[in-house]
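Text of start.csv, listed as CSV, C-alpha atoms:
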chain,number,residue,atom,x,y,z
A,1,MET,CA,7.2,5.0,26.0
A,2,ARG,CA,8.2,8.7,25.8
A,3,ARG,CA,10.9,8.1,23.2
A,4,ARG,CA,8.4,6.0,21.2
A,5,HIS,CA,6.0,8.8,20.9
A,6,LEU,CA,8.8,11.2,19.9
A,7,VAL,CA,9.8,8.9,17.1
A,8,THR,CA,6.2,8.6,15.9
A,9,ALA,CA,5.8,12.4,15.9
A,10,LEU,CA,9.0,12.8,13.9
A,11,LEU,CA,8.0,10.2,11.4
A,12,VAL,CA,4.6,11.9,10.9
A,13,LEU,CA,6.4,15.2,10.5
A,14,ALA,CA,8.7,13.8,7.9
A,15,VAL,CA,5.8,12.4,5.8
A,16,VAL,CA,3.9,15.7,6.0
A,17,ALA,CA,7.1,17.6,5.0
A,18,LEU,CA,7.8,15.3,2.1
A,19,PHE,CA,4.3,15.9,0.7
A,20,ALA,CA,4.0,19.5,1.6
A,21,LEU,CA,7.3,20.7,0.3
A,22,PRO,CA,6.5,20.5,-3.4
A,23,LEU,CA,3.3,22.5,-2.8
A,24,LEU,CA,5.3,25.3,-1.2
A,25,VAL,CA,8.2,25.2,-3.6
A,26,GLY,CA,6.4,25.0,-6.9
A,27,GLY,CA,3.3,26.9,-5.9
A,28,ASP,CA,2.2,27.9,-9.4
A,29,SER,CA,2.4,24.5,-11.1
A,30,GLU,CA,-0.8,23.0,-12.4
A,31,TYR,CA,-0.2,19.5,-11.0
A,32,ALA,CA,-1.2,17.6,-14.1
A,33,GLY,CA,-1.2,13.9,-13.2
A,34,THR,CA,1.6,11.7,-14.6
A,35,ASP,CA,-1.0,9.8,-16.5
A,36,SER,CA,-1.9,12.8,-18.7
A,37,GLN,CA,1.8,13.7,-19.0
A,38,ALA,CA,2.4,10.2,-20.3
A,39,THR,CA,-0.5,10.6,-22.7
A,40,GLU,CA,1.0,13.8,-24.1
A,41,LEU,CA,4.4,12.1,-24.5
A,42,ILE,CA,2.8,9.3,-26.5
A,43,GLU,CA,1.1,11.9,-28.8
A,44,GLU,CA,4.5,13.5,-29.2
A,45,SER,CA,6.6,10.5,-30.0
A,46,ASP,CA,4.0,8.5,-31.7
A,47,PRO,CA,1.8,11.1,-33.5
A,48,GLY,CA,-0.2,8.7,-35.6
A,49,TYR,CA,-1.5,6.7,-32.6
A,50,GLN,CA,-5.2,6.7,-31.9
A,51,PRO,CA,-6.6,5.3,-28.7
A,52,TRP,CA,-8.8,2.4,-29.8
A,53,PHE,CA,-10.9,2.0,-26.7
A,54,GLU,CA,-12.9,4.5,-24.6
A,55,SER,CA,-13.5,4.2,-20.9
A,56,VAL,CA,-16.8,2.5,-20.1
A,57,PHE,CA,-17.6,5.2,-17.7
A,58,SER,CA,-16.1,8.6,-17.1
A,59,PRO,CA,-17.1,10.9,-14.2
A,60,GLY,CA,-19.1,13.8,-15.6
A,61,SER,CA,-17.1,16.5,-14.0
A,62,SER,CA,-14.0,17.0,-11.9
A,63,GLU,CA,-16.2,17.4,-8.8
A,64,VAL,CA,-17.7,14.0,-9.4
A,65,GLU,CA,-14.3,12.6,-10.0
A,66,SER,CA,-12.8,14.0,-6.8
A,67,GLY,CA,-15.9,12.8,-5.0
A,68,LEU,CA,-15.3,9.3,-6.2
A,69,PHE,CA,-11.6,9.5,-5.2
A,70,ALA,CA,-12.7,10.7,-1.8
A,71,LEU,CA,-15.1,7.7,-1.6
A,72,GLN,CA,-12.2,5.4,-2.4
A,73,ALA,CA,-10.0,6.9,0.3
A,74,ALA,CA,-12.8,6.9,2.8
A,75,LEU,CA,-13.5,3.2,2.2
A,76,GLY,CA,-9.9,2.3,2.6
A,77,GLY,CA,-9.3,4.6,5.5
A,78,GLY,CA,-12.4,3.3,7.2
A,79,VAL,CA,-11.4,-0.4,6.9
A,80,LEU,CA,-7.8,0.4,8.0
A,81,GLY,CA,-9.0,2.4,11.0
A,82,TYR,CA,-11.5,-0.4,12.0
A,83,VAL,CA,-8.8,-3.1,11.9
A,84,LEU,CA,-6.2,-1.0,13.9
A,85,GLY,CA,-9.0,-0.1,16.4
A,86,ARG,CA,-9.9,-3.7,16.9
A,87,LEU,CA,-6.4,-4.8,17.3
A,88,ARG,CA,-5.7,-2.1,19.8
A,89,GLY,CA,-8.9,-2.9,21.7
A,90,ARG,CA,-7.9,-6.5,21.8
A,91,ARG,CA,-4.5,-5.7,23.3
A,92,VAL,CA,-5.9,-3.4,25.9
A,93,ALA,CA,-8.4,-6.0,26.9
A,94,GLU,CA,-5.7,-8.6,27.2
A,95,GLU,CA,-3.6,-6.3,29.3
A,96,GLN,CA,-6.5,-5.7,31.6
A,97,ALA,CA,-7.1,-9.4,31.9
A,98,ALA,CA,-3.4,-10.2,32.5
A,99,PRO,CA,-3.1,-9.0,36.1
A,100,ALA,CA,-5.8,-11.5,37.2
A,101,PRO,CA,-3.5,-14.5,37.8
A,102,PRO,CA,-2.6,-13.9,41.5
A,103,PRO,CA,-5.5,-15.6,43.3
A,104,PRO,CA,-6.7,-13.3,46.0
A,105,SER,CA,-8.2,-16.0,48.3
B,1,MET,CA,0.8,5.3,-12.8
B,2,HIS,CA,-2.0,3.9,-14.8
B,3,ILE,CA,-1.7,3.5,-18.5
B,4,ALA,CA,-4.8,5.3,-19.8
B,5,GLU,CA,-7.6,3.3,-21.5
B,6,GLY,CA,-6.8,2.5,-25.2
B,7,PHE,CA,-3.2,3.7,-25.0
B,8,LEU,CA,-1.7,0.3,-25.5
B,9,PRO,CA,-2.0,-1.3,-29.0
B,10,PRO,CA,-4.2,-4.4,-28.9
B,11,ALA,CA,-1.3,-6.9,-29.2
B,12,HIS,CA,0.3,-5.3,-26.1
B,13,ALA,CA,-3.0,-5.2,-24.2
B,14,ILE,CA,-3.6,-8.8,-24.8
B,15,GLY,CA,0.0,-9.8,-24.1
B,16,TRP,CA,0.1,-8.1,-20.7
B,17,THR,CA,-3.3,-9.5,-19.8
B,18,VAL,CA,-2.1,-13.0,-20.6
B,19,ALA,CA,1.1,-12.3,-18.6
B,20,ALA,CA,-0.8,-11.0,-15.5
B,21,ALA,CA,-3.7,-13.4,-15.4
B,22,PRO,CA,-1.8,-16.4,-13.9
B,23,PHE,CA,-0.4,-14.2,-11.1
B,24,VAL,CA,-3.9,-12.9,-10.3
B,25,VAL,CA,-5.5,-16.4,-10.3
B,26,HIS,CA,-2.6,-17.7,-8.1
B,27,GLY,CA,-3.1,-14.7,-5.9
B,28,ALA,CA,-6.9,-15.3,-5.5
B,29,ARG,CA,-6.1,-18.9,-4.5
B,30,ALA,CA,-3.5,-17.7,-2.0
B,31,VAL,CA,-6.1,-15.3,-0.4
B,32,VAL,CA,-8.7,-18.1,-0.2
B,33,LYS,CA,-6.2,-20.5,1.3
B,34,GLU,CA,-5.0,-17.9,3.9
B,35,VAL,CA,-8.5,-17.1,5.0
B,36,ARG,CA,-9.6,-20.7,5.2
B,37,GLU,CA,-6.5,-21.9,7.1
B,38,ASN,CA,-6.1,-18.9,9.3
B,39,PRO,CA,-9.4,-17.1,9.7
B,40,GLU,CA,-7.7,-14.7,12.2
B,41,SER,CA,-5.7,-13.3,9.2
B,42,THR,CA,-8.8,-11.8,7.7
B,43,LEU,CA,-8.4,-8.6,9.7
B,44,LEU,CA,-4.8,-8.0,8.6
B,45,LEU,CA,-5.7,-9.0,5.0
B,46,GLY,CA,-8.4,-6.4,5.1
B,47,ALA,CA,-5.8,-3.9,6.4
B,48,ALA,CA,-3.4,-4.7,3.6
B,49,GLY,CA,-6.1,-4.3,0.9
B,50,ALA,CA,-7.4,-1.1,2.6
B,51,PHE,CA,-3.9,0.4,2.7
B,52,THR,CA,-3.5,0.0,-1.1
B,53,PHE,CA,-7.0,1.3,-1.6
B,54,VAL,CA,-6.4,4.6,0.4
B,55,LEU,CA,-2.9,5.2,-0.9
B,56,SER,CA,-3.8,4.8,-4.6
B,57,ALA,CA,-6.8,7.2,-4.1
B,58,ILE,CA,-4.5,10.0,-2.9
B,59,LYS,CA,-3.0,12.1,-5.7
B,60,LEU,CA,0.1,13.7,-4.2
B,61,PRO,CA,2.1,16.5,-5.7
B,62,SER,CA,5.8,16.0,-6.4
B,63,VAL,CA,8.8,18.2,-6.8
B,64,THR,CA,8.7,17.8,-10.6
B,65,GLY,CA,5.4,19.7,-10.7
B,66,SER,CA,3.1,16.8,-11.5
B,67,SER,CA,1.2,14.6,-9.3
B,68,SER,CA,0.8,10.8,-8.9
B,69,HIS,CA,-0.1,8.4,-6.2
B,70,PRO,CA,1.6,5.9,-4.0
B,71,THR,CA,0.7,2.2,-4.4
B,72,GLY,CA,0.8,0.7,-0.9
B,73,THR,CA,1.3,-2.8,-2.3
B,74,GLY,CA,4.5,-3.3,-0.2
B,75,LEU,CA,2.6,-3.8,3.1
B,76,GLY,CA,0.7,-6.8,2.0
B,77,ALA,CA,3.7,-8.3,0.3
B,78,VAL,CA,5.8,-8.1,3.5
B,79,LEU,CA,2.9,-9.5,5.6
B,80,PHE,CA,1.4,-12.2,3.4
B,81,ARG,CA,4.0,-12.6,0.6
B,82,PRO,CA,3.5,-11.1,-2.8
B,83,PRO,CA,0.9,-13.4,-4.4
B,84,VAL,CA,-1.8,-12.0,-2.2
B,85,MET,CA,-1.2,-8.6,-3.5
B,86,ALA,CA,-1.7,-9.7,-7.1
B,87,LEU,CA,-5.4,-10.1,-6.3
B,88,LEU,CA,-5.8,-7.1,-4.0
B,89,GLY,CA,-3.9,-4.7,-6.3
B,90,THR,CA,-6.0,-5.9,-9.3
B,91,ILE,CA,-9.2,-5.2,-7.4
B,92,VAL,CA,-8.1,-1.7,-6.7
B,93,LEU,CA,-7.2,-1.2,-10.3
B,94,LEU,CA,-10.5,-2.5,-11.5
B,95,PHE,CA,-12.3,-0.1,-9.2
B,96,GLN,CA,-10.4,2.8,-10.6
B,97,ALA,CA,-10.8,1.7,-14.2
B,98,LEU,CA,-14.6,1.2,-13.9
B,99,LEU,CA,-15.6,4.1,-11.7
B,100,LEU,CA,-12.9,6.7,-12.1
B,101,ALA,CA,-11.8,6.3,-15.7
B,102,HIS,CA,-8.2,6.0,-14.4
B,103,GLY,CA,-6.4,3.2,-16.1
B,104,GLY,CA,-8.8,1.0,-18.2
B,105,LEU,CA,-10.1,-2.4,-19.0
B,106,THR,CA,-7.8,-2.8,-22.1
B,107,THR,CA,-4.8,-1.7,-20.0
B,108,LEU,CA,-5.8,-3.6,-16.9
B,109,GLY,CA,-3.4,-6.4,-17.6
B,110,ALA,CA,-0.4,-4.1,-18.1
B,111,ASN,CA,-1.4,-2.0,-15.0
B,112,ALA,CA,-1.9,-5.1,-12.9
B,113,PHE,CA,1.4,-6.5,-14.0
B,114,SER,CA,3.3,-3.4,-12.9
B,115,MET,CA,1.4,-2.6,-9.7
B,116,ALA,CA,0.1,-5.9,-8.5
B,117,VAL,CA,2.9,-8.3,-9.7
B,118,VAL,CA,6.3,-6.5,-10.2
B,119,GLY,CA,5.8,-4.0,-7.4
B,120,PRO,CA,5.0,-6.5,-4.6
B,121,TRP,CA,7.7,-9.0,-5.8
B,122,ALA,CA,10.4,-6.3,-6.0
B,123,GLY,CA,9.3,-4.9,-2.7
B,124,TYR,CA,9.4,-8.3,-1.1
B,125,ALA,CA,12.8,-9.0,-2.5
B,126,ALA,CA,14.1,-5.6,-1.1
B,127,TYR,CA,12.5,-6.4,2.3
B,128,ARG,CA,14.1,-9.9,2.5
B,129,LEU,CA,17.5,-8.5,1.4
B,130,THR,CA,17.5,-5.7,3.9
B,131,ARG,CA,16.6,-8.0,6.7
B,132,ARG,CA,19.3,-10.5,5.7
B,133,LEU,CA,21.8,-7.6,5.7
B,134,GLY,CA,20.8,-6.8,9.3
B,135,GLY,CA,18.5,-3.9,8.5
B,136,GLY,CA,15.9,-5.0,11.1
B,137,LEU,CA,12.2,-5.2,10.6
B,138,LEU,CA,11.5,-1.5,10.2
B,139,GLY,CA,14.5,-1.0,7.9
B,140,GLY,CA,13.2,-3.9,5.8
B,141,VAL,CA,9.7,-2.5,5.8
B,142,PHE,CA,10.9,0.9,4.6
B,143,ALA,CA,13.0,-0.7,1.8
B,144,GLY,CA,10.2,-3.0,0.8
B,145,MET,CA,7.5,-0.3,0.6
B,146,ALA,CA,9.7,2.2,-1.2
B,147,VAL,CA,11.0,-0.3,-3.7
B,148,ALA,CA,7.5,-1.7,-4.4
B,149,ASP,CA,6.3,1.8,-5.2
B,150,LEU,CA,9.3,2.7,-7.4
B,151,ALA,CA,9.4,-0.6,-9.2
B,152,THR,CA,5.8,-0.2,-10.2
B,153,TYR,CA,6.4,3.1,-11.9
B,154,VAL,CA,9.6,2.0,-13.6
B,155,THR,CA,7.7,-1.0,-15.0
B,156,THR,CA,4.9,1.3,-16.3
B,157,ALA,CA,7.5,3.6,-18.0
B,158,LEU,CA,9.2,0.5,-19.7
B,159,GLN,CA,5.8,-0.8,-20.8
B,160,LEU,CA,4.9,2.5,-22.4
B,161,ALA,CA,8.4,2.8,-24.1
B,162,TRP,CA,7.9,-0.7,-25.5
B,163,ALA,CA,4.5,0.1,-26.9
B,164,HIS,CA,5.5,3.6,-28.2
B,165,PRO,CA,9.2,3.7,-29.1
B,166,ASP,CA,10.5,7.0,-30.1
B,167,ALA,CA,10.6,7.7,-33.9
B,168,GLU,CA,14.3,8.4,-33.8
B,169,SER,CA,15.8,7.1,-30.7
B,170,GLY,CA,13.7,4.0,-30.4
B,171,PHE,CA,12.9,2.1,-27.2
B,172,VAL,CA,15.9,3.5,-25.2
B,173,GLY,CA,15.0,7.1,-26.0
B,174,ALA,CA,11.3,6.5,-25.2
B,175,ALA,CA,12.3,4.7,-22.0
B,176,VAL,CA,14.4,7.7,-20.9
B,177,LYS,CA,11.5,10.1,-21.6
B,178,PHE,CA,8.9,8.0,-19.8
B,179,LEU,CA,11.2,7.3,-16.8
B,180,GLY,CA,11.7,11.0,-16.6
B,181,VAL,CA,7.9,11.4,-16.1
B,182,PHE,CA,7.3,8.4,-13.9
B,183,ALA,CA,10.3,7.5,-12.0
B,184,VAL,CA,11.7,10.9,-11.0
B,185,THR,CA,8.3,12.1,-9.8
B,186,GLN,CA,8.0,9.0,-7.8
B,187,VAL,CA,11.2,9.1,-5.7
B,188,PRO,CA,9.9,11.4,-3.0
B,189,LEU,CA,6.5,9.6,-2.9
B,190,ALA,CA,8.4,6.2,-2.6
B,191,ILE,CA,10.3,7.6,0.4
B,192,GLY,CA,7.1,8.9,1.9
B,193,GLU,CA,5.4,5.6,1.4
B,194,GLY,CA,8.3,3.8,3.1
B,195,LEU,CA,8.0,6.1,6.1
B,196,LEU,CA,4.2,5.5,6.2
B,197,GLY,CA,4.9,1.8,6.2
B,198,VAL,CA,7.3,2.2,9.2
B,199,LEU,CA,4.6,4.1,11.1
B,200,LEU,CA,2.0,1.4,10.4
B,201,PHE,CA,4.4,-1.4,11.4
B,202,ARG,CA,5.2,0.3,14.7
B,203,VAL,CA,1.5,0.2,15.5
B,204,LEU,CA,1.2,-3.4,14.3
B,205,THR,CA,4.2,-4.7,16.3
B,206,VAL,CA,2.6,-3.4,19.5
B,207,ASN,CA,-1.0,-4.4,18.7
B,208,ALA,CA,-0.8,-7.4,16.4
B,209,ARG,CA,2.2,-9.3,17.8
B,210,PRO,CA,0.6,-12.8,17.7
B,211,GLU,CA,-0.3,-12.4,14.0
B,212,LEU,CA,3.1,-11.0,13.0
B,213,GLU,CA,4.8,-13.9,14.8
B,214,ARG,CA,2.5,-16.5,13.1
B,215,LEU,CA,3.2,-14.9,9.7
B,216,GLY,CA,6.9,-15.1,10.4
B,217,VAL,CA,7.5,-11.3,10.3
B,218,LEU,CA,8.4,-11.2,14.0
B,219,ARG,CA,10.3,-13.9,15.9
B,220,PRO,CA,8.4,-15.3,18.8
B,221,GLN,CA,9.6,-13.7,22.1
B,222,PRO,CA,8.7,-15.8,25.1
B,223,ALA,CA,11.3,-14.3,27.4
B,224,PRO,CA,10.2,-10.7,28.1
B,225,GLU,CA,6.7,-11.7,28.9
B,226,PRO,CA,7.0,-12.4,32.6
B,227,GLU,CA,8.8,-9.1,33.2
B,228,SER,CA,6.1,-7.0,31.6
B,229,ALA,CA,3.4,-9.0,33.3
B,230,ALA,CA,5.1,-8.3,36.6
B,231,VAL,CA,5.2,-4.6,35.9
B,232,LEU,CA,1.5,-4.7,35.0
B,233,ARG,CA,0.7,-6.4,38.3
B,234,GLU,CA,2.2,-3.5,40.2
B,235,GLN,CA,-0.4,-1.2,38.6
B,236,PRO,CA,-3.9,-0.7,40.2
B,237,PRO,CA,-5.9,-3.8,39.6
B,238,ALA,CA,-8.5,-4.0,37.0
B,239,VAL,CA,-11.2,-4.8,39.6
B,240,VAL,CA,-11.4,-1.1,40.4
B,241,ARG,CA,-12.6,-0.4,36.9
B,242,GLU,CA,-15.4,-3.0,37.2
B,243,GLN,CA,-17.2,-1.3,40.1
B,244,PRO,CA,-18.4,1.9,38.4
B,245,ARG,CA,-19.6,-0.1,35.5
B,246,ASP,CA,-21.8,-2.2,37.9
B,247,GLY,CA,-23.0,0.9,39.5
B,248,GLY,CA,-24.0,2.5,36.2
B,249,ALA,CA,-26.0,-0.5,35.2
B,250,ARG,CA,-28.3,-0.4,38.2
Taking this structure as input, can you express it in the form of structure tokens?
Amino acid sequence: MRRRHLVTALLVLAVVALFALPLLVGGDSEYAGTDSQATELIEESDPGYQPWFESVFSPGSSEVESGLFALQAALGGGVLGYVLGRLRGRRVAEEQAAPAPPPPS
Amino acid sequence: MHIAEGFLPPAHAIGWTVAAAPFVVHGARAVVKEVRENPESTLLLGAAGAFTFVLSAIKLPSVTGSSSHPTGTGLGAVLFRPPVMALLGTIVLLFQALLLAHGGLTTLGANAFSMAVVGPWAGYAAYRLTRRLGGGLLGGVFAGMAVADLATYVTTALQLAWAHPDAESGFVGAAVKFLGVFAVTQVPLAIGEGLLGVLLFRVLTVNARPELERLGVLRPQPAPEPESAAVLREQPPAVVREQPRDGGAR
């Protein structure tokens, strides 16, 4: 069990490091999304191109946009946490029920 | 990885929609069939959809100085086979197109084809190949999740290069440029996503063993059961825990 926890901790550390490293290395960069970079590339290589359709709805400000992103993450995280919690609870309940077989009397 | 609204010419937009539609319809039927035949799968199906939902909401920075998000489609592909993800991935894309102005309705077909069709199938192929080569479950999951992520972005780059070939160097030149934006950025994210998948599967193999065995991800293991049950029997009996609960109720 000990070794298992160690591996888990190392995996979490690796994920955090992978995502934190760019923040530390390129601290001054603007972090434009790849989507907008691609849009710029299109304008560069295909200057005559005009987008022919507008988004049906655009978030009014970047605050609203990040709020909606947070909502999406919260919905997903909530469901994922609920499922993992239920599965774990089921296993714990099964383990507690398991020692019953030896009939006491 | 979304192609922004209106940035594919009408012919391409229609073409990709026609190409993706059968996969999504087939995926919807696969989800309905799975839920009807195995209602106990609903929990894990929810987890697979939720995983894609969270991951595609998180914009992460990358070493190239731009940010993009993981896709998370590899998890469901490994658990339930790729068709299921064609539906779940498209639902996520629709949410982002309608509420966040990321991606779009005209580009939904192209985005669904890259993230909900090519990604899951490529990831599933990588998972199967790794397992056949003796990589084990976690090795397979890592390969599957990372490849699903990367394949999605490579597909997006190629779709854009096809629609907007470079004035001088044509399709190949444009492909190199778009791959530079999408694929290179995505490599660390793909590795991170692979590791996240391994973490999640370590939790699932402990807590969702019956489901994983039924889905064929894990082989049934009847042998070690008596041993662990014996170990459990040595521990203080569960009866002790019952008593305080009774006392508290009175």
Response to the item:
Atom pair atom CA of Gly192 of chain B + atom CA of Gly123 of chain B, distance 14.7 Å
Discussion item. Report as a ChimeraX atom specification all protein, DNA and RNA residues lying within 9 Å of Pro10 of chain B, evaluated on all atoms listed in the file, omitting residues in the same chain fewer than 5 positions from it.
Written reply: /A:52 /B:15,106
For Gly78 of chain A, please output as a compact mmCIF listing (two decimals) with C-alpha atoms, keeping the file's coordinate frame all residues within 12 Å (counting only C-alpha atoms; exclusion window: fewer than 3 positions along the same chain).
# COMPACT_ATOMS: atom_id res chain seq x y z
CA ALA A 70 -12.70 10.70 -1.80
CA LEU A 71 -15.10 7.70 -1.60
CA GLN A 72 -12.20 5.40 -2.40
CA ALA A 73 -10.00 6.90 0.30
CA ALA A 74 -12.80 6.90 2.80
CA LEU A 75 -13.50 3.20 2.20
CA GLY A 81 -9.00 2.40 11.00
CA TYR A 82 -11.50 -0.40 12.00
CA VAL A 83 -8.80 -3.10 11.90
CA LEU A 84 -6.20 -1.00 13.90
CA GLY A 85 -9.00 -0.10 16.40
CA GLY B 46 -8.40 -6.40 5.10
CA ALA B 47 -5.80 -3.90 6.40
CA GLY B 49 -6.10 -4.30 0.90
CA ALA B 50 -7.40 -1.10 2.60
CA PHE B 51 -3.90 0.40 2.70
CA PHE B 53 -7.00 1.30 -1.60
CA VAL B 54 -6.40 4.60 0.40
Fill in: Proximity to chain B - best of A:Leu13, A:Ala98, A:Arg3, A:Ser62, all atoms listed in the file
A:Ala98
Could you write out as a compact mmCIF listing (two decimals) with C-alpha atoms, in the frame of the given file the residues of chain A within 7 Å of chain B, counting only C-alpha atoms?
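Okay, part.txt is ready:
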# COMPACT_ATOMS: atom_id res chain seq x y z
CA THR A 8 6.20 8.60 15.90
CA LEU A 11 8.00 10.20 11.40
CA VAL A 15 5.80 12.40 5.80
CA LEU A 18 7.80 15.30 2.10
CA PHE A 19 4.30 15.90 0.70
CA PRO A 22 6.50 20.50 -3.40
CA LEU A 23 3.30 22.50 -2.80
CA GLY A 26 6.40 25.00 -6.90
CA SER A 29 2.40 24.50 -11.10
CA TYR A 31 -0.20 19.50 -11.00
CA ALA A 32 -1.20 17.60 -14.10
CA GLY A 33 -1.20 13.90 -13.20
CA THR A 34 1.60 11.70 -14.60
CA ASP A 35 -1.00 9.80 -16.50
CA ALA A 38 2.40 10.20 -20.30
CA ILE A 42 2.80 9.30 -26.50
CA SER A 45 6.60 10.50 -30.00
CA ASP A 46 4.00 8.50 -31.70
CA PRO A 51 -6.60 5.30 -28.70
CA TRP A 52 -8.80 2.40 -29.80
CA PHE A 53 -10.90 2.00 -26.70
CA GLU A 54 -12.90 4.50 -24.60
CA SER A 55 -13.50 4.20 -20.90
CA VAL A 56 -16.80 2.50 -20.10
CA PHE A 57 -17.60 5.20 -17.70
CA SER A 58 -16.10 8.60 -17.10
CA PRO A 59 -17.10 10.90 -14.20
CA GLU A 65 -14.30 12.60 -10.00
CA LEU A 68 -15.30 9.30 -6.20
CA PHE A 69 -11.60 9.50 -5.20
CA GLN A 72 -12.20 5.40 -2.40
CA ALA A 73 -10.00 6.90 0.30
CA GLY A 76 -9.90 2.30 2.60
CA GLY A 77 -9.30 4.60 5.50
CA VAL A 79 -11.40 -0.40 6.90
CA LEU A 80 -7.80 0.40 8.00
CA VAL A 83 -8.80 -3.10 11.90
CA LEU A 87 -6.40 -4.80 17.30
CA ARG A 88 -5.70 -2.10 19.80
CA ARG A 91 -4.50 -5.70 23.30
CA GLN A 96 -6.50 -5.70 31.60
CA ALA A 98 -3.40 -10.20 32.50
CA PRO A 99 -3.10 -9.00 36.10
Item to complete: Tell me, as a PyMOL selection string, which residues lie within 7 Å of Met115 of chain B, counting only C-alpha atoms; anything in the same chain fewer than 4 positions away does not count.
Response: chain B and resi 89+111+119+152
Write the residues you've just listed into a file as a PDB file, in the coordinates of the input, and include C-alpha atoms for each of them.
ATOM      1  CA  GLY B  89      -3.900  -4.700  -6.300  1.00  0.00           C
ATOM      2  CA  ASN B 111      -1.400  -2.000 -15.000  1.00  0.00           C
ATOM      3  CA  GLY B 119       5.800  -4.000  -7.400  1.00  0.00           C
ATOM      4  CA  THR B 152       5.800  -0.200 -10.200  1.00  0.00           C
TER       5      THR B 152
END
Worksheet item: Between atom CA of Ala190 of chain B and atom CA of Trp162 of chain B, what is the spacing in Å?
Response: 23.9 Å
